[in-house]
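Asks: Have a look at this one.
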Amino acid sequence: MRKNLLSIASALALSCSVSLALAQDNVDKKVSDLLSKMTLEEKIGQLTQYSGSELTGPQGEKINISEYIKTGKVGSVLNIYGTSEVSKYQKIAIEKSRLKIPLLFGQDVIHGYKTIFPVPIAMASSWDLDAVGAAQEVARNEATASGLNWTFTPMVDIARDPRWGRIVEGFGEDPYLASQFAKLSVEAFQGSDLGDETSMLATAKHYVGYGAVQAGRDYFTVDLSKRTLWEVFLPPFQAAINAQVASIMPAFTTMNGIPMTGNKEMTRDVLRNQLGFTGITVSDWNAINELIEWHVAANQSEAACEAIEAGVDIDMMSNAYINQLGALVKENKVPISLIDEAVARILKKKFELGLFEDPYKYCNADREVKEILSPENKAKARDVGKRSIVLLKNDDQTLPLSKSLNSIAVIGPLAEDTYSPMGPWFCNGSKDNTISVLNGIKQAVGKNTIIYYQKGCDVNSSDESMIDAAINTAKKADVIVAVLGENSDMSGEAASRSEIGLPGLQEKLLESLFNTGKPVVVVLLNGRPLTINWAQDHVQAIVEAWFPGSEAGHSIADVLFGDYNPSGKLPVTFPRSVGQIPIFYSHLNTGRPATAETKMLKYVSRYLDIDNSPLYPFGYGLSYTTFSYSPIELSASEIQPNDSATATVEVANTGEINGEEVVQLYIEKADSPIARPMQLKGFRKVEISAGNSVDVVFHIGPEELALYDIDMKKTVEKGIYNIYIGTSSVTYQKESITVK
Ligand code: NOJ
């Protein structure tokens, strides 16, 4: 019987792969038929992308978009959304253009469409793949219900410099963690079949190394070793490609001195031949023109030539392809085959989406009304919001707060704000649909609790006039909740900061609040790690909420009042000072490490004025309960290179309330010709009820152990591997396993 079932299953699998291959052949044939009917101008049109009314980059040459669509000069647009707008422009392509090729409609649906979810750095703080998958699916459902079939997400850039504003848009400092979220996001947006009306194309960006901009300054110099590129920056792209990501956006920055938009080696050889990418590459906004500013192209014609040679299929907002490619082909400077292969890749995605069968498939107005901002979507935003919060400090069990306190003073420039909680990439979210922290707290407490509110100061100004009123109000309350941090426009694109403390007078306000003698709980809304040393040294509790999205106030109140026991862990290191940057857990040991014993000696790797350790390490986050870890039990202490073993720990909830713990596995090669850092290689988020324990088992095999060897070949080296399993990158149990 079992044999029969197996043979039925393998017959089915075979027939599925045969029909997939047939479908693919079919698409390829349709693409080449259509291509053979296209004029050169129409082909170049497919390679051209324009923005609707909204600008998400510098304004370039203005064009009449409807006229361009009519004459086949546009293949895709961005920032045109909503079923009525999308069908209006799609209708022009279908009814007025000669070949009736449907348009792609793209937008930056980064963490929600209208129901806004936590910013990506916050979602990564949840370490909760199910919850984040659900969030991305809501984003996809709303976006596709509103006419879109392409998102420019996920941003999978590793970021280790909190001065860089775009750290908010990614999944943090670690390649393994970011790879998990890259894969999950691609799968969530693209679904299992691109032809479904709820599926859309995803984009892994910004390929590659953008997060390594020096000094944290956006768009600036990048200088990466080959090893760091392959070990740290490329893995999340590889994960997205393995998940069949439909498109990739080259970064604004350079690799080995060549801007990624014109970097043939990186975007053709590495991306397509080595990483196996077969989809569309879309330039970043105006990036082809910027080859001129980089001084690698003398004019727009050279820029267009370099970009198409590098395999950049779509020109977003440079006008370079439409202005230059025709002449370049006619003068034999660009072979038509380069244009054809780019057009074919774009048409293929249009066929796979099913746009030729039904160009209006994303334009169902009833679905739009039903889907957008539905109560279920908001409930999911609240859920992911609370899971993304990281409890950084909680002395004397100050949190959770009782809902029947006499009074709470909610103070701070971000308490009443409904704009910043959406974060810098809030897509089509609206502050009218966002719950402020103050509102969330008011709705959470019992009716006898008085909530006082004062702004105290602005986020970023030197106006001291509101501080006294805030202090006087704070004095009346049992506890102070200080809602501090950054405005959402202080992180994101083109929003680097050289100092990353609390801006303006906020620390001064906090000191005054602390001096009232009342317990102070700080709630942070921010898009990057902040140097909040003073707060850490003084106030009773600190809650890192990042920008939680539409349901911010509810998610935060859920944590403050204990309806949810916080479970988030930092996906990025918090420095004590800008002088420590770059600071990340996965660094090399150095030949002169500063250990507990050596750290006061002269010739060791340390600062004279500050400890090496971060303010909060990667993987750190508290709970309202406590967890203990047993020593690691290995199924084998010696294995062969192709073998695997298991590493098990028993994790116990030693407190009095139920909680979730993120159990983290790190591996470090202890003896190797190449110095090796410890690296995250697995994690599990487990729910453990009070007083109980669970066994957490990690698989340790070639996937976890393989490293790039001296020749940059992925190999399981012989020798000793240290295994660390724990609650953060600095608190763990240790064992070692030998590969013989
Ligand atoms: C520039 C950003 O770098 C990119 O991430 C985004 O997708 C485009 N603008 C379009 O808005």
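Every chain in the structure tokens takes a letter, A first, then B, and so on in the order presented; its residues are numbered from 1, and the ligands are numbered from 1 following the presented order.
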What lies within 10 Å of Lys740 of chain A using only C-alpha atoms, ignoring chain neighbours under 5 positions off, as a list in words?

Replies: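 After dropping sequence-adjacent residues, the list is Glu638, Ile639, Gln640, Pro641, Glu717, Lys718, Gly719 and Ile720 of chain A.
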
Asks: Convert the current residue selection to file output with N, CA, C and O atoms, as a PDB file, in the first residue's frame.

Replies:
```pdb
ATOM      1  N   GLU A 638      31.774  14.007  17.545  1.00  0.00           N
ATOM      2  CA  GLU A 638      32.616  13.944  16.345  1.00  0.00           C
ATOM      3  C   GLU A 638      31.756  13.508  15.167  1.00  0.00           C
ATOM      4  O   GLU A 638      30.981  12.555  15.294  1.00  0.00           O
ATOM      5  N   ILE A 639      31.915  14.187  14.042  1.00  0.00           N
ATOM      6  CA  ILE A 639      31.173  13.773  12.842  1.00  0.00           C
ATOM      7  C   ILE A 639      32.080  13.852  11.615  1.00  0.00           C
ATOM      8  O   ILE A 639      33.121  14.521  11.644  1.00  0.00           O
ATOM      9  N   GLN A 640      31.617  13.224  10.532  1.00  0.00           N
ATOM     10  CA  GLN A 640      32.311  13.322   9.247  1.00  0.00           C
ATOM     11  C   GLN A 640      31.787  14.569   8.525  1.00  0.00           C
ATOM     12  O   GLN A 640      30.680  15.029   8.817  1.00  0.00           O
ATOM     13  N   PRO A 641      32.533  15.094   7.542  1.00  0.00           N
ATOM     14  CA  PRO A 641      32.096  16.334   6.875  1.00  0.00           C
ATOM     15  C   PRO A 641      30.672  16.281   6.303  1.00  0.00           C
ATOM     16  O   PRO A 641      29.984  17.293   6.281  1.00  0.00           O
ATOM     17  N   GLU A 717      34.977  22.450   6.707  1.00  0.00           N
ATOM     18  CA  GLU A 717      36.388  22.230   7.060  1.00  0.00           C
ATOM     19  C   GLU A 717      36.485  21.214   8.187  1.00  0.00           C
ATOM     20  O   GLU A 717      35.599  21.145   9.035  1.00  0.00           O
ATOM     21  N   LYS A 718      37.577  20.485   8.202  1.00  0.00           N
ATOM     22  CA  LYS A 718      37.816  19.597   9.344  1.00  0.00           C
ATOM     23  C   LYS A 718      38.243  20.452  10.533  1.00  0.00           C
ATOM     24  O   LYS A 718      38.758  21.550  10.362  1.00  0.00           O
ATOM     25  N   GLY A 719      38.014  19.924  11.733  1.00  0.00           N
ATOM     26  CA  GLY A 719      38.471  20.638  12.924  1.00  0.00           C
ATOM     27  C   GLY A 719      37.340  20.901  13.900  1.00  0.00           C
ATOM     28  O   GLY A 719      36.274  20.285  13.822  1.00  0.00           O
ATOM     29  N   ILE A 720      37.592  21.856  14.783  1.00  0.00           N
ATOM     30  CA  ILE A 720      36.657  22.084  15.901  1.00  0.00           C
ATOM     31  C   ILE A 720      35.705  23.245  15.600  1.00  0.00           C
ATOM     32  O   ILE A 720      36.131  24.314  15.153  1.00  0.00           O
TER      33      ILE A 720
END
```

Asks: Each residue of chain A lying at most 6 Å from ligand 1 should get a row with its shortest atom-to-atom pair and the distance in Å to one decimal, counting only C-alpha atoms and all ligand atoms; could you produce that, ordered by chain and increasing number, as CSV?

Replies:
```
residue,atom,partner,partner_atom_place_in_ligand_line,distance
A:Thr56,CA,ligand 1,11 (O),4.6
A:Gly57,CA,ligand 1,9 (N),5.6
A:Asp108,CA,ligand 1,7 (O),5.5
A:Phe152,CA,ligand 1,7 (O),5.0
A:Asp284,CA,ligand 1,8 (C),5.6
A:Trp285,CA,ligand 1,9 (N),5.0
```

Asks: Skipping near chain neighbours, those fewer than 3 positions away, what residues fall within 6 Å of segment 537-546 of chain A using only C-alpha atoms, listed as a ChimeraX atom specification?

Replies: /A:122,389-395,520-527,534

Asks: Calculated over only C-alpha atoms, which of the candidates A:Glu493, A:Gln238, A:Val77, A:Gln454 has the smallest distance to Asp218 of chain A?

Replies: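 Comparing A:Glu493, A:Gln238, A:Val77, A:Gln454 against Asp218 of chain A, the winner is A:Glu493.
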
Asks: Could you name the residues that touch Asn79 of chain A at 10 Å or less, counting only C-alpha atoms, but leaving out those on the same chain fewer than 3 positions away, as a count of residues only?

Replies: 16

Asks: Can you pull out the residues contacting Ser374 of chain A? Cut-off 12 Å, using only C-alpha atoms, and skip same-chain residues under 2 positions away; I want them as a PDB file with N, CA, C and O atoms, in the first residue's frame.

Replies:
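Written file, out_29.pdb:
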```pdb
ATOM      1  N   LYS A 114      -2.078  49.952   3.044  1.00  0.00           N
ATOM      2  CA  LYS A 114      -2.804  50.989   3.800  1.00  0.00           C
ATOM      3  C   LYS A 114      -2.868  50.617   5.278  1.00  0.00           C
ATOM      4  O   LYS A 114      -2.829  51.478   6.138  1.00  0.00           O
ATOM      5  N   THR A 115      -3.024  49.333   5.543  1.00  0.00           N
ATOM      6  CA  THR A 115      -2.833  48.887   6.928  1.00  0.00           C
ATOM      7  C   THR A 115      -1.325  48.769   7.092  1.00  0.00           C
ATOM      8  O   THR A 115      -0.680  47.947   6.435  1.00  0.00           O
ATOM      9  N   ILE A 116      -0.775  49.622   7.942  1.00  0.00           N
ATOM     10  CA  ILE A 116       0.688  49.670   8.021  1.00  0.00           C
ATOM     11  C   ILE A 116       1.197  48.800   9.176  1.00  0.00           C
ATOM     12  O   ILE A 116       0.693  48.869  10.296  1.00  0.00           O
ATOM     13  N   VAL A 138      -0.827  40.281   4.172  1.00  0.00           N
ATOM     14  CA  VAL A 138      -1.838  41.354   4.225  1.00  0.00           C
ATOM     15  C   VAL A 138      -1.423  42.479   3.272  1.00  0.00           C
ATOM     16  O   VAL A 138      -2.239  43.000   2.497  1.00  0.00           O
ATOM     17  N   ALA A 139      -0.142  42.830   3.322  1.00  0.00           N
ATOM     18  CA  ALA A 139       0.359  43.898   2.442  1.00  0.00           C
ATOM     19  C   ALA A 139       0.085  43.535   0.989  1.00  0.00           C
ATOM     20  O   ALA A 139      -0.388  44.337   0.183  1.00  0.00           O
ATOM     21  N   ASN A 141      -2.166  41.372  -0.156  1.00  0.00           N
ATOM     22  CA  ASN A 141      -3.605  41.335  -0.463  1.00  0.00           C
ATOM     23  C   ASN A 141      -4.151  42.735  -0.698  1.00  0.00           C
ATOM     24  O   ASN A 141      -4.911  42.974  -1.623  1.00  0.00           O
ATOM     25  N   GLU A 142      -3.740  43.667   0.162  1.00  0.00           N
ATOM     26  CA  GLU A 142      -4.244  45.039  -0.006  1.00  0.00           C
ATOM     27  C   GLU A 142      -3.696  45.664  -1.288  1.00  0.00           C
ATOM     28  O   GLU A 142      -4.427  46.323  -2.034  1.00  0.00           O
ATOM     29  N   ARG A 367     -13.349  44.095  -4.391  1.00  0.00           N
ATOM     30  CA  ARG A 367     -12.285  43.462  -3.607  1.00  0.00           C
ATOM     31  C   ARG A 367     -11.465  44.537  -2.870  1.00  0.00           C
ATOM     32  O   ARG A 367     -11.098  44.377  -1.705  1.00  0.00           O
ATOM     33  N   GLU A 368     -11.245  45.634  -3.550  1.00  0.00           N
ATOM     34  CA  GLU A 368     -10.458  46.730  -2.950  1.00  0.00           C
ATOM     35  C   GLU A 368     -11.129  47.220  -1.662  1.00  0.00           C
ATOM     36  O   GLU A 368     -10.496  47.345  -0.618  1.00  0.00           O
ATOM     37  N   VAL A 369     -12.434  47.451  -1.750  1.00  0.00           N
ATOM     38  CA  VAL A 369     -13.164  47.959  -0.572  1.00  0.00           C
ATOM     39  C   VAL A 369     -13.116  46.935   0.557  1.00  0.00           C
ATOM     40  O   VAL A 369     -12.886  47.275   1.718  1.00  0.00           O
ATOM     41  N   LYS A 370     -13.313  45.686   0.197  1.00  0.00           N
ATOM     42  CA  LYS A 370     -13.386  44.636   1.218  1.00  0.00           C
ATOM     43  C   LYS A 370     -12.027  44.407   1.898  1.00  0.00           C
ATOM     44  O   LYS A 370     -11.942  44.228   3.109  1.00  0.00           O
ATOM     45  N   GLU A 371     -10.997  44.462   1.111  1.00  0.00           N
ATOM     46  CA  GLU A 371      -9.684  44.059   1.605  1.00  0.00           C
ATOM     47  C   GLU A 371      -9.001  45.129   2.462  1.00  0.00           C
ATOM     48  O   GLU A 371      -8.411  44.822   3.496  1.00  0.00           O
ATOM     49  N   ILE A 372      -9.109  46.388   1.986  1.00  0.00           N
ATOM     50  CA  ILE A 372      -8.268  47.427   2.584  1.00  0.00           C
ATOM     51  C   ILE A 372      -8.732  47.839   3.977  1.00  0.00           C
ATOM     52  O   ILE A 372      -9.912  48.081   4.189  1.00  0.00           O
ATOM     53  N   GLU A 376      -9.704  42.484  10.188  1.00  0.00           N
ATOM     54  CA  GLU A 376      -8.726  41.375  10.323  1.00  0.00           C
ATOM     55  C   GLU A 376      -7.309  41.892  10.065  1.00  0.00           C
ATOM     56  O   GLU A 376      -6.362  41.512  10.743  1.00  0.00           O
ATOM     57  N   ASN A 377      -7.185  42.758   9.059  1.00  0.00           N
ATOM     58  CA  ASN A 377      -5.849  43.280   8.752  1.00  0.00           C
ATOM     59  C   ASN A 377      -5.312  44.110   9.909  1.00  0.00           C
ATOM     60  O   ASN A 377      -4.129  44.027  10.270  1.00  0.00           O
ATOM     61  N   LYS A 378      -6.211  44.915  10.493  1.00  0.00           N
ATOM     62  CA  LYS A 378      -5.757  45.745  11.624  1.00  0.00           C
ATOM     63  C   LYS A 378      -5.369  44.865  12.802  1.00  0.00           C
ATOM     64  O   LYS A 378      -4.395  45.148  13.503  1.00  0.00           O
ATOM     65  N   ALA A 379      -6.130  43.794  13.014  1.00  0.00           N
ATOM     66  CA  ALA A 379      -5.799  42.886  14.135  1.00  0.00           C
ATOM     67  C   ALA A 379      -4.421  42.278  13.910  1.00  0.00           C
ATOM     68  O   ALA A 379      -3.632  42.125  14.851  1.00  0.00           O
ATOM     69  N   LYS A 380      -4.116  41.958  12.641  1.00  0.00           N
ATOM     70  CA  LYS A 380      -2.789  41.381  12.375  1.00  0.00           C
ATOM     71  C   LYS A 380      -1.698  42.425  12.610  1.00  0.00           C
ATOM     72  O   LYS A 380      -0.621  42.109  13.108  1.00  0.00           O
ATOM     73  N   ALA A 381      -1.976  43.672  12.233  1.00  0.00           N
ATOM     74  CA  ALA A 381      -0.972  44.727  12.455  1.00  0.00           C
ATOM     75  C   ALA A 381      -0.711  44.890  13.952  1.00  0.00           C
ATOM     76  O   ALA A 381       0.439  45.043  14.385  1.00  0.00           O
ATOM     77  N   ASN A 433      -5.709  56.843  10.205  1.00  0.00           N
ATOM     78  CA  ASN A 433      -6.000  55.442  10.561  1.00  0.00           C
ATOM     79  C   ASN A 433      -4.972  54.888  11.532  1.00  0.00           C
ATOM     80  O   ASN A 433      -4.810  53.683  11.644  1.00  0.00           O
TER      81      ASN A 433
END
```

Asks: From a backbone DSSP assignment, name each residue in segment 57-124 of chain A labelled strand (DSSP E), as number ranges by chain.

Replies: A: 76-78, 104-107

Asks: Under the rule that only C-alpha atoms are counted, which of A:Gln274, A:Thr253, A:Thr228, A:Asn692 is the nearest residue to Tyr210 of chain A?

Replies: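 So, comparing all the options, the nearest one is A:Thr253.
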
Asks: Compare A:Ile674, A:Leu184, A:Ala23, A:Ile500 by their minimum atom-to-atom distance to Ile710 of chain A, counting only C-alpha atoms, and give me the closest one.

Replies: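 The closest residue to Ile710 of chain A is A:Ile674.
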
Asks: For a quick check of understanding, using only C-alpha atoms, which of A:Lys205, A:Phe618, A:Ser567, A:Ser461 has the smallest distance to Val686 of chain A?

Replies: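 Of A:Lys205, A:Phe618, A:Ser567, A:Ser461, the one nearest Val686 of chain A is A:Ser567, counting only C-alpha atoms.
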
Asks: Quick one: DSSP alpha helix (DSSP H) residues in segment 243-357 of chain A, as a ChimeraX atom specification?

Replies: /A:264,290-293,300-309,320-330,336-353

Asks: Of the residues A:Lys442, A:Lys455, A:Lys348, A:Lys669, which is the one nearest to Asp33 of chain A, using only C-alpha atoms?

Replies: A:Lys348

Asks: Give me, please, the distance in Å between atom CA of Ile339 of chain A and atom CA of Leu275 of chain A, quoted to one decimal.

Replies: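 Going from atom CA of Ile339 of chain A over to atom CA of Leu275 of chain A covers 22.1 Å.
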
Asks: Might you pull out every residue within 8 Å of segment 554-564 of chain A, with only C-alpha atoms counted and same-chain residues fewer than 2 positions away left off, and present them as a tab-separated table (two decimals) with all heavy atoms, in the first residue's frame?

Replies:
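Ended up saving to part.tsv:
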```tsv
chain	number	residue	atom	x	y	z
A	382	ARG	N	-1.77	44.83	14.74
A	382	ARG	CA	-1.60	44.95	16.20
A	382	ARG	C	-0.77	43.77	16.72
A	382	ARG	O	0.13	43.94	17.55
A	382	ARG	CB	-2.98	44.95	16.84
A	382	ARG	CG	-2.95	45.05	18.35
A	382	ARG	CD	-4.36	45.17	18.88
A	382	ARG	NE	-4.37	45.33	20.32
A	382	ARG	CZ	-5.40	45.83	20.98
A	382	ARG	NH1	-6.48	46.23	20.34
A	382	ARG	NH2	-5.37	45.94	22.30
A	383	ASP	N	-1.07	42.61	16.20
A	383	ASP	CA	-0.37	41.40	16.64
A	383	ASP	C	1.13	41.47	16.30
A	383	ASP	O	1.98	41.24	17.16
A	383	ASP	CB	-1.02	40.18	15.98
A	383	ASP	CG	-0.38	38.90	16.46
A	383	ASP	OD1	-0.48	38.63	17.67
A	383	ASP	OD2	0.24	38.19	15.65
A	385	GLY	N	2.79	44.09	15.59
A	385	GLY	CA	3.34	45.24	16.33
A	385	GLY	C	3.82	44.84	17.71
A	385	GLY	O	4.95	45.15	18.11
A	386	LYS	N	2.98	44.11	18.44
A	386	LYS	CA	3.39	43.76	19.82
A	386	LYS	C	4.53	42.75	19.81
A	386	LYS	O	5.40	42.77	20.67
A	386	LYS	CB	2.19	43.27	20.63
A	386	LYS	CG	1.65	41.91	20.23
A	386	LYS	CD	0.32	41.60	20.91
A	386	LYS	CE	-0.08	40.16	20.62
A	386	LYS	NZ	-1.49	39.87	20.86
A	389	ILE	N	8.12	44.35	19.50
A	389	ILE	CA	8.64	45.24	20.56
A	389	ILE	C	9.71	44.52	21.38
A	389	ILE	O	9.57	43.35	21.70
A	389	ILE	CB	7.46	45.70	21.45
A	389	ILE	CG1	6.58	46.67	20.65
A	389	ILE	CG2	7.94	46.31	22.76
A	389	ILE	CD1	5.28	47.05	21.31
A	399	LEU	N	7.42	47.10	34.83
A	399	LEU	CA	6.42	46.66	33.86
A	399	LEU	C	6.09	45.20	34.14
A	399	LEU	O	6.95	44.46	34.63
A	399	LEU	CB	6.97	46.80	32.43
A	399	LEU	CG	7.16	48.24	31.94
A	399	LEU	CD1	7.83	48.21	30.56
A	399	LEU	CD2	5.84	48.98	31.87
A	400	PRO	N	4.91	44.74	33.82
A	400	PRO	CA	3.80	45.50	33.25
A	400	PRO	C	3.12	46.40	34.27
A	400	PRO	O	3.15	46.13	35.46
A	400	PRO	CB	2.85	44.39	32.79
A	400	PRO	CG	3.15	43.22	33.65
A	400	PRO	CD	4.60	43.30	33.96
A	401	LEU	N	2.51	47.47	33.75
A	401	LEU	CA	1.78	48.40	34.60
A	401	LEU	C	0.40	47.83	34.90
A	401	LEU	O	-0.17	47.11	34.09
A	401	LEU	CB	1.61	49.74	33.88
A	401	LEU	CG	2.88	50.48	33.49
A	401	LEU	CD1	2.52	51.73	32.66
A	401	LEU	CD2	3.70	50.87	34.72
A	402	SER	N	-0.09	48.20	36.05
A	402	SER	CA	-1.46	47.78	36.38
A	402	SER	C	-2.45	48.68	35.63
A	402	SER	O	-2.21	49.87	35.46
A	402	SER	CB	-1.66	47.92	37.89
A	402	SER	OG	-3.02	48.01	38.16
A	403	LYS	N	-3.55	48.08	35.22
A	403	LYS	CA	-4.56	48.89	34.53
A	403	LYS	C	-5.42	49.67	35.52
A	403	LYS	O	-6.32	50.41	35.13
A	403	LYS	CB	-5.47	47.97	33.71
A	403	LYS	CG	-4.80	47.43	32.47
A	403	LYS	CD	-5.77	46.64	31.64
A	403	LYS	CE	-5.06	46.03	30.46
A	403	LYS	NZ	-5.92	45.13	29.70
A	435	ILE	N	-3.21	54.66	15.39
A	435	ILE	CA	-3.49	54.82	16.82
A	435	ILE	C	-2.22	55.34	17.50
A	435	ILE	O	-1.18	54.68	17.47
A	435	ILE	CB	-3.88	53.46	17.47
A	435	ILE	CG1	-4.99	52.76	16.67
A	435	ILE	CG2	-4.27	53.63	18.93
A	435	ILE	CD1	-6.34	53.41	16.75
A	437	VAL	N	0.25	56.47	20.70
A	437	VAL	CA	0.56	55.78	21.96
A	437	VAL	C	-0.40	56.26	23.04
A	437	VAL	O	-0.95	55.47	23.82
A	437	VAL	CB	2.03	56.05	22.37
A	437	VAL	CG1	2.36	55.31	23.66
A	437	VAL	CG2	2.98	55.64	21.26
A	440	GLY	N	-3.74	54.66	22.56
A	440	GLY	CA	-3.67	53.23	22.91
A	440	GLY	C	-3.71	53.04	24.42
A	440	GLY	O	-4.41	52.16	24.94
A	441	ILE	N	-2.96	53.88	25.14
A	441	ILE	CA	-2.93	53.77	26.61
A	441	ILE	C	-4.30	54.11	27.18
A	441	ILE	O	-4.83	53.41	28.04
A	441	ILE	CB	-1.83	54.68	27.20
A	441	ILE	CG1	-0.45	54.13	26.82
A	441	ILE	CG2	-1.98	54.83	28.70
A	441	ILE	CD1	0.73	54.97	27.25
A	444	ALA	N	-6.64	51.33	26.92
A	444	ALA	CA	-6.29	50.08	27.62
A	444	ALA	C	-6.65	50.11	29.10
A	444	ALA	O	-6.95	49.09	29.69
A	444	ALA	CB	-4.80	49.81	27.46
A	545	ALA	N	10.01	50.24	20.77
A	545	ALA	CA	8.83	49.91	19.95
A	545	ALA	C	9.09	50.14	18.46
A	545	ALA	O	8.26	49.80	17.63
A	545	ALA	CB	7.64	50.75	20.40
A	548	PRO	N	5.75	51.03	14.99
A	548	PRO	CA	4.94	49.80	14.91
A	548	PRO	C	3.83	49.80	13.86
A	548	PRO	O	3.21	48.76	13.64
A	548	PRO	CB	4.30	49.69	16.30
A	548	PRO	CG	4.98	50.71	17.15
A	548	PRO	CD	5.49	51.77	16.23
A	551	GLU	N	-1.41	50.34	14.10
A	551	GLU	CA	-1.98	49.98	15.40
A	551	GLU	C	-0.99	50.25	16.53
A	551	GLU	O	-1.08	49.63	17.60
A	551	GLU	CB	-2.39	48.51	15.38
A	551	GLU	CG	-3.52	48.20	14.42
A	551	GLU	CD	-4.86	48.74	14.91
A	551	GLU	OE1	-5.32	48.31	15.97
A	551	GLU	OE2	-5.42	49.61	14.21
A	552	ALA	N	-0.06	51.17	16.29
A	552	ALA	CA	1.05	51.41	17.22
A	552	ALA	C	0.58	51.49	18.68
A	552	ALA	O	1.09	50.78	19.55
A	552	ALA	CB	1.77	52.69	16.83
A	566	PRO	N	6.38	40.65	26.32
A	566	PRO	CA	7.28	40.94	25.19
A	566	PRO	C	8.25	39.80	24.89
A	566	PRO	O	8.76	39.15	25.80
A	566	PRO	CB	8.03	42.20	25.64
A	566	PRO	CG	7.79	42.31	27.10
A	566	PRO	CD	6.49	41.62	27.40
```
